[in-house]
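Text of start28.txt, listed as compact mmCIF, C-alpha atoms:
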# COMPACT_ATOMS: atom_id res chain seq x y z
CA THR B 1 0.00 0.00 0.00
CA GLU B 2 2.70 2.47 0.96
CA HIS B 3 4.59 2.01 -2.33
CA GLN B 4 1.66 2.19 -4.71
CA GLY B 5 1.79 5.97 -5.17
CA GLU B 6 5.37 5.70 -6.37
CA SER B 7 4.50 2.76 -8.65
CA LEU B 8 1.54 4.68 -10.10
CA ARG B 9 3.69 7.72 -10.81
CA GLU B 10 6.39 5.59 -12.46
CA GLY B 11 3.80 3.84 -14.62
CA THR B 12 4.71 0.43 -13.19
CA ILE B 13 1.06 0.00 -12.25
CA HIS B 14 -2.07 1.84 -13.36
CA LEU B 15 -4.38 0.75 -10.53
CA GLY B 16 -3.69 -0.68 -7.11
CA ILE B 17 -5.67 -2.26 -4.31
CA ALA B 18 -4.88 -0.96 -0.82
CA ARG B 19 -5.98 -2.40 2.53
CA VAL B 20 -5.86 0.12 5.36
CA ILE B 21 -6.40 -0.13 9.10
CA GLY B 22 -7.67 3.21 10.40
CA THR B 23 -7.51 6.23 8.17
CA ILE B 24 -5.70 6.41 4.87
CA ALA B 25 -2.89 8.94 4.47
CA PRO B 26 -4.00 10.48 1.16
CA GLU B 27 -1.57 11.71 -1.43
CA PRO B 28 -2.87 14.70 -3.44
CA ASP B 29 -2.28 13.19 -6.88
CA ILE B 30 -3.88 9.83 -6.05
CA ALA B 31 -7.61 9.05 -6.28
CA TYR B 32 -8.97 6.67 -3.64
CA THR B 33 -12.18 4.75 -4.25
CA GLU B 34 -13.39 2.86 -1.19
CA LEU B 35 -14.55 -0.58 -2.28
CA PHE B 36 -15.63 -2.20 0.99
CA GLU B 37 -15.08 -2.52 4.71
CA ASP B 38 -13.44 -5.78 5.70
CA PRO B 39 -13.37 -7.07 9.31
CA LEU B 40 -10.18 -8.62 10.61
CA ILE B 41 -10.22 -12.35 11.38
CA ALA B 42 -7.65 -14.93 12.47
CA ALA B 43 -5.87 -17.30 10.13
CA MET B 44 -5.02 -20.39 12.19
CA PRO B 45 -3.22 -23.63 11.39
CA LEU B 46 -5.61 -26.53 10.92
CA GLN B 47 -3.78 -28.53 13.60
CA ASN B 48 -4.37 -25.87 16.26
CA PRO B 49 -7.18 -26.98 18.61
CA LEU B 50 -8.80 -23.53 18.33
CA ALA B 51 -9.11 -23.86 14.56
CA GLY B 52 -12.39 -25.72 15.04
CA SER B 53 -13.92 -22.93 17.12
CA ASP B 54 -16.69 -20.65 15.92
CA ALA B 55 -14.68 -17.71 17.29
CA ILE B 56 -11.55 -17.27 19.37
CA GLU B 57 -10.35 -14.80 21.97
CA ALA B 58 -7.61 -12.40 20.94
CA SER B 59 -5.50 -13.90 23.73
CA ALA B 60 -5.26 -17.11 21.67
CA PHE B 61 -2.38 -15.34 19.91
CA ASP B 62 -0.46 -15.36 23.21
CA ALA B 63 0.04 -19.11 22.89
CA ILE B 64 1.28 -19.28 19.30
CA PRO B 65 3.87 -17.32 17.32
CA PHE B 66 2.37 -14.38 15.48
CA ILE B 67 3.18 -14.18 11.77
CA SER B 68 3.58 -10.53 10.86
CA TYR B 69 3.33 -9.13 7.34
CA PRO B 70 4.34 -7.30 5.29
CA LYS B 71 8.00 -7.32 6.24
CA ASP B 72 8.56 -3.75 5.16
CA PRO B 73 9.81 -1.01 7.45
CA THR B 74 7.59 1.58 5.76
CA SER B 75 4.40 -0.48 6.15
CA ARG B 76 2.04 0.55 8.89
CA PHE B 77 -0.18 -2.53 8.46
CA ALA B 78 2.03 -4.91 10.46
CA THR B 79 2.33 -2.61 13.48
CA GLN B 80 -1.34 -1.65 13.30
CA ALA B 81 -2.43 -5.31 13.18
CA LEU B 82 -0.40 -6.04 16.31
CA ALA B 83 -1.83 -2.93 18.00
CA GLN B 84 -5.37 -4.10 17.23
CA LEU B 85 -4.70 -7.48 18.85
CA GLN B 86 -3.16 -5.76 21.86
CA ALA B 87 -6.20 -3.48 22.18
CA ALA B 88 -8.36 -6.61 22.22
CA GLY B 89 -6.36 -8.00 25.16
CA ALA B 90 -3.70 -10.11 23.44
CA ARG B 91 0.05 -9.97 23.95
CA PRO B 92 1.25 -11.60 20.75
CA GLN B 93 4.92 -12.27 20.11
CA VAL B 94 6.12 -12.03 16.53
CA GLY B 95 7.65 -15.37 15.61
CA TYR B 96 7.96 -14.84 11.87
CA GLU B 97 7.81 -11.96 9.40
CA ALA B 98 6.62 -12.53 5.86
CA LYS B 99 7.17 -10.25 2.91
CA GLU B 100 3.54 -10.54 1.83
CA ILE B 101 0.23 -12.12 2.80
CA HIS B 102 0.54 -15.29 0.69
CA THR B 103 3.83 -16.19 2.36
CA ALA B 104 2.27 -15.46 5.76
CA LEU B 105 -0.61 -17.82 4.97
CA GLY B 106 1.90 -20.47 3.84
CA LEU B 107 3.62 -20.22 7.22
CA VAL B 108 0.24 -20.55 8.94
CA ALA B 109 -0.57 -23.63 6.83
CA ALA B 110 2.78 -25.15 7.83
CA GLY B 111 1.69 -24.85 11.47
CA LEU B 112 4.27 -22.22 12.41
CA GLY B 113 1.82 -19.74 13.94
CA GLY B 114 -1.20 -17.58 13.22
CA THR B 115 -1.96 -14.15 11.79
CA ILE B 116 -4.87 -11.84 11.09
CA VAL B 117 -6.28 -11.02 7.68
CA GLY B 118 -9.32 -9.31 6.22
CA ARG B 119 -12.40 -11.55 6.06
CA SER B 120 -12.46 -11.25 2.26
CA VAL B 121 -9.12 -13.10 2.17
CA ALA B 122 -10.86 -16.19 3.54
CA ALA B 123 -13.39 -16.35 0.72
CA HIS B 124 -12.27 -18.83 -1.94
CA ASN B 125 -8.82 -19.08 -0.40
CA ARG B 126 -6.70 -21.81 1.10
CA THR B 127 -8.20 -25.03 2.42
CA ASP B 128 -5.12 -25.70 4.58
CA VAL B 129 -5.81 -22.69 6.86
CA ARG B 130 -8.83 -22.11 9.10
CA PHE B 131 -10.21 -18.57 9.19
CA VAL B 132 -11.90 -17.74 12.50
CA PRO B 133 -13.48 -14.54 13.88
CA VAL B 134 -11.70 -12.97 16.86
CA ARG B 135 -13.86 -11.77 19.76
CA GLY B 136 -13.07 -8.19 20.72
CA LEU B 137 -11.27 -7.41 17.49
CA GLU B 138 -13.60 -4.62 16.46
CA THR B 139 -11.58 -2.68 13.91
CA ALA B 140 -12.22 -3.40 10.27
CA THR B 141 -9.91 -2.67 7.41
CA ARG B 142 -11.01 -0.62 4.43
CA VAL B 143 -10.13 -1.71 0.93
CA TYR B 144 -9.52 0.97 -1.69
CA ALA B 145 -8.76 1.08 -5.39
CA VAL B 146 -6.09 3.68 -6.06
CA HIS B 147 -5.02 5.37 -9.29
CA LEU B 148 -3.57 8.64 -10.51
CA ARG B 149 -6.14 11.40 -10.16
CA GLU B 150 -5.36 13.48 -13.24
CA GLU B 151 -4.49 10.75 -15.71
CA PRO B 152 -7.59 9.52 -17.57
CA ASN B 153 -7.36 5.91 -18.68
CA ARG B 154 -10.30 4.04 -20.22
CA LEU B 155 -9.00 0.65 -19.06
CA VAL B 156 -8.49 1.84 -15.48
CA ASP B 157 -11.96 3.40 -15.48
CA ALA B 158 -13.53 0.18 -16.84
CA PHE B 159 -11.68 -2.01 -14.34
CA LEU B 160 -12.56 0.34 -11.49
CA GLN B 161 -16.23 0.04 -12.45
CA ILE B 162 -15.95 -3.77 -12.37
CA LEU B 163 -14.37 -3.58 -8.91
CA LYS B 164 -17.13 -1.28 -7.64
CA ASP B 165 -19.83 -3.54 -9.09
CA GLN B 166 -18.27 -6.62 -7.49
CA ALA B 167 -17.85 -4.89 -4.13
CA SER B 168 -21.48 -3.78 -3.88

Represent the structure from my file as structure tokens, please.
Amino acid sequence: TEHQGESLREGTIHLGIARVIGTIAPEPDIAYTELFEDPLIAAMPLQNPLAGSDAIEASAFDAIPFISYPKDPTSRFATQALAQLQAAGARPQVGYEAKEIHTALGLVAAGLGGTIVGRSVAAHNRTDVRFVPVRGLETATRVYAVHLREEPNRLVDAFLQILKDQAS
């Protein structure tokens, strides 16, 4: 998310998807279209006894290594995710850091710990990870489409419309 403005300006990408906890730090030349609100949920290894629960307490993360992502010093998501768990009463210890979410979910599937993701990540995703709501984890993420504000692009506009239609 933090590098998408630079990638848009360089022309490396024309549209990005950003997941934000809290408020977005807008850049003046970037347009932000909110697509949907996405509650945070736990991603747990199948072999964890809590994986079969309908919901878990945030403190469940005290007993397993927390898998933090993205491993990027400029990313606020990793520190904000930990802060949300702490606000819900957990004292998680980071056991692993992953560069991106798919690696984090691979570590979860391998039984190395747990993490939190947006609920939309669970839909049509891995069958080797159990996605479980976390009691007391009230904050939701917001998912945005981002693109350059003053650079008209028919393909970006068409794709953005598809995203908005799918999100509603």

*Compute the distance from (-8.1, -13.8, 13.1) to each atom, counting all atoms listed in the file, keep the residues with any atom at most 8 Å away, and return them as a VMD selection string; use the coordinates of the file.*
chain B and resid 40 to 44 56 58 114 to 117 131 to 134

Judged by all atoms listed in the file, the minimum distance to B:Arg154 among B:Arg76, B:Ser168, B:Leu15, B:Glu6 is found for B:Leu15

Min atom-atom distance to B:Tyr32 from the set B:Asp165, B:Ile13, B:Gln86, B:His147, counting all atoms listed in the file, belongs to B:His147

I'd like the contact shell of B:Asp72 - 10 Å cut-off, all atoms listed in the file, skipping same-chain residues fewer than 5 positions apart - returned as a PyMOL selection string. chain B and resi 2+77-78+97-100

Filtering to C-alpha atoms, could you give me those residues as a PDB file, keeping the file's coordinate frame?
ATOM      1  CA  GLU B   2       2.700   2.470   0.960  1.00  0.00           C
ATOM      2  CA  PHE B  77      -0.180  -2.530   8.460  1.00  0.00           C
ATOM      3  CA  ALA B  78       2.030  -4.910  10.460  1.00  0.00           C
ATOM      4  CA  GLU B  97       7.810 -11.960   9.400  1.00  0.00           C
ATOM      5  CA  ALA B  98       6.620 -12.530   5.860  1.00  0.00           C
ATOM      6  CA  LYS B  99       7.170 -10.250   2.910  1.00  0.00           C
ATOM      7  CA  GLU B 100       3.540 -10.540   1.830  1.00  0.00           C
TER       8      GLU B 100
END

For B:Leu163, find every residue with an atom within 12 Å (counting all atoms listed in the file), except residues of its own chain fewer than 6 positions away, and show them as a list of chain:residue names.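 My list of contacting residues is B:Leu15, B:Gly16, B:Ile17, B:Thr33, B:Glu34, B:Leu35, B:Phe36, B:Val143, B:Tyr144, B:Ala145, B:Val146, B:Val156, B:Asp157.
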
Could you write out the selected residues, including C-alpha atoms, as a PDB file, in the frame of the given file?
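Contents of the output file part_11.pdb:
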ATOM      1  CA  LEU B  15      -4.380   0.750 -10.530  1.00  0.00           C
ATOM      2  CA  GLY B  16      -3.690  -0.680  -7.110  1.00  0.00           C
ATOM      3  CA  ILE B  17      -5.670  -2.260  -4.310  1.00  0.00           C
ATOM      4  CA  THR B  33     -12.180   4.750  -4.250  1.00  0.00           C
ATOM      5  CA  GLU B  34     -13.390   2.860  -1.190  1.00  0.00           C
ATOM      6  CA  LEU B  35     -14.550  -0.580  -2.280  1.00  0.00           C
ATOM      7  CA  PHE B  36     -15.630  -2.200   0.990  1.00  0.00           C
ATOM      8  CA  VAL B 143     -10.130  -1.710   0.930  1.00  0.00           C
ATOM      9  CA  TYR B 144      -9.520   0.970  -1.690  1.00  0.00           C
ATOM     10  CA  ALA B 145      -8.760   1.080  -5.390  1.00  0.00           C
ATOM     11  CA  VAL B 146      -6.090   3.680  -6.060  1.00  0.00           C
ATOM     12  CA  VAL B 156      -8.490   1.840 -15.480  1.00  0.00           C
ATOM     13  CA  ASP B 157     -11.960   3.400 -15.480  1.00  0.00           C
TER      14      ASP B 157
END

*Show which residues sit within 7 Å of B:Ala109, as a VMD selection string. Count only C-alpha atoms, and ignore same-chain residues fewer than 5 positions away.*
chain B and resid 45 128 to 129

Rounded to one decimal, what separation in Å do you get between atom CA of B:Gly89 and atom CA of B:Ile24?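 Taking atom CA of B:Gly89 and atom CA of B:Ile24, their separation equals 24.9 Å.
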
Give the answer as one residue: which of B:Ala31, B:Glu138, B:Leu46, B:Ser53 has the shortest atom-to-atom distance to B:Gly106, using all atoms listed in the file?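 Of B:Ala31, B:Glu138, B:Leu46, B:Ser53, the one nearest B:Gly106, counting all atoms listed in the file, is B:Leu46.
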
So what do you get for atom CA of B:Val94 versus atom CA of B:Ser68, distance-wise?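 Taking atom CA of B:Val94 as the start and atom CA of B:Ser68 as the end point, the length is 6.4 Å.
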
### Query
With distances taken over only C-alpha atoms, which of B:Gln93, B:Thr103, B:Ser7, B:Ser75 is nearest to B:Ala60?
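So, comparing all the options, the nearest one is B:Gln93.
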
Padding of 3 Å on every side, edges along x, y and z, all listed atoms of stretch 41-52 of chain B included: what centre and edge lengths in Å, to one decimal, does that box have, as lines of an AutoDock Vina configuration file?
center_x = -7.8
center_y = -20.4
center_z = 14.4
size_x = 15.2
size_y = 22.2
size_z = 14.5

Pairwise distance, atom CA of B:Phe159 with atom CA of B:Ala123, equals 20.9 Å

Check the smallest atom-to-atom distance from each of B:Leu105, B:Ala18, B:Ile162, B:Ala90 to B:Ala122 using all atoms listed in the file, then report the winner.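 Closest residue, counting all atoms listed in the file: B:Leu105.
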
Would you pick out the contacts of B:Leu155 at 10 Å or less, using only C-alpha atoms, so that residues sharing its chain but fewer than 5 positions from it are not included, and give the list as a CSV table (one decimal) with C-alpha atoms, keeping the file's coordinate frame?
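And here's around.csv as it stands now:
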chain,number,residue,atom,x,y,z
B,14,HIS,CA,-2.1,1.8,-13.4
B,15,LEU,CA,-4.4,0.8,-10.5
B,160,LEU,CA,-12.6,0.3,-11.5
B,161,GLN,CA,-16.2,0.0,-12.4

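Within the 7 Å cut-off around stretch 148-151 of chain B, using all atoms listed in the file and omitting residues fewer than 3 positions from it on the same chain, the listed residues are Leu8, Asp29, Ile30 and Ala31 of chain B.
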
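Among B:Val108, B:Ala81, B:Ile21, B:Ala51, the residue with the shortest atom-to-atom distance to B:Ile67, counting all atoms listed in the file, is B:Val108.
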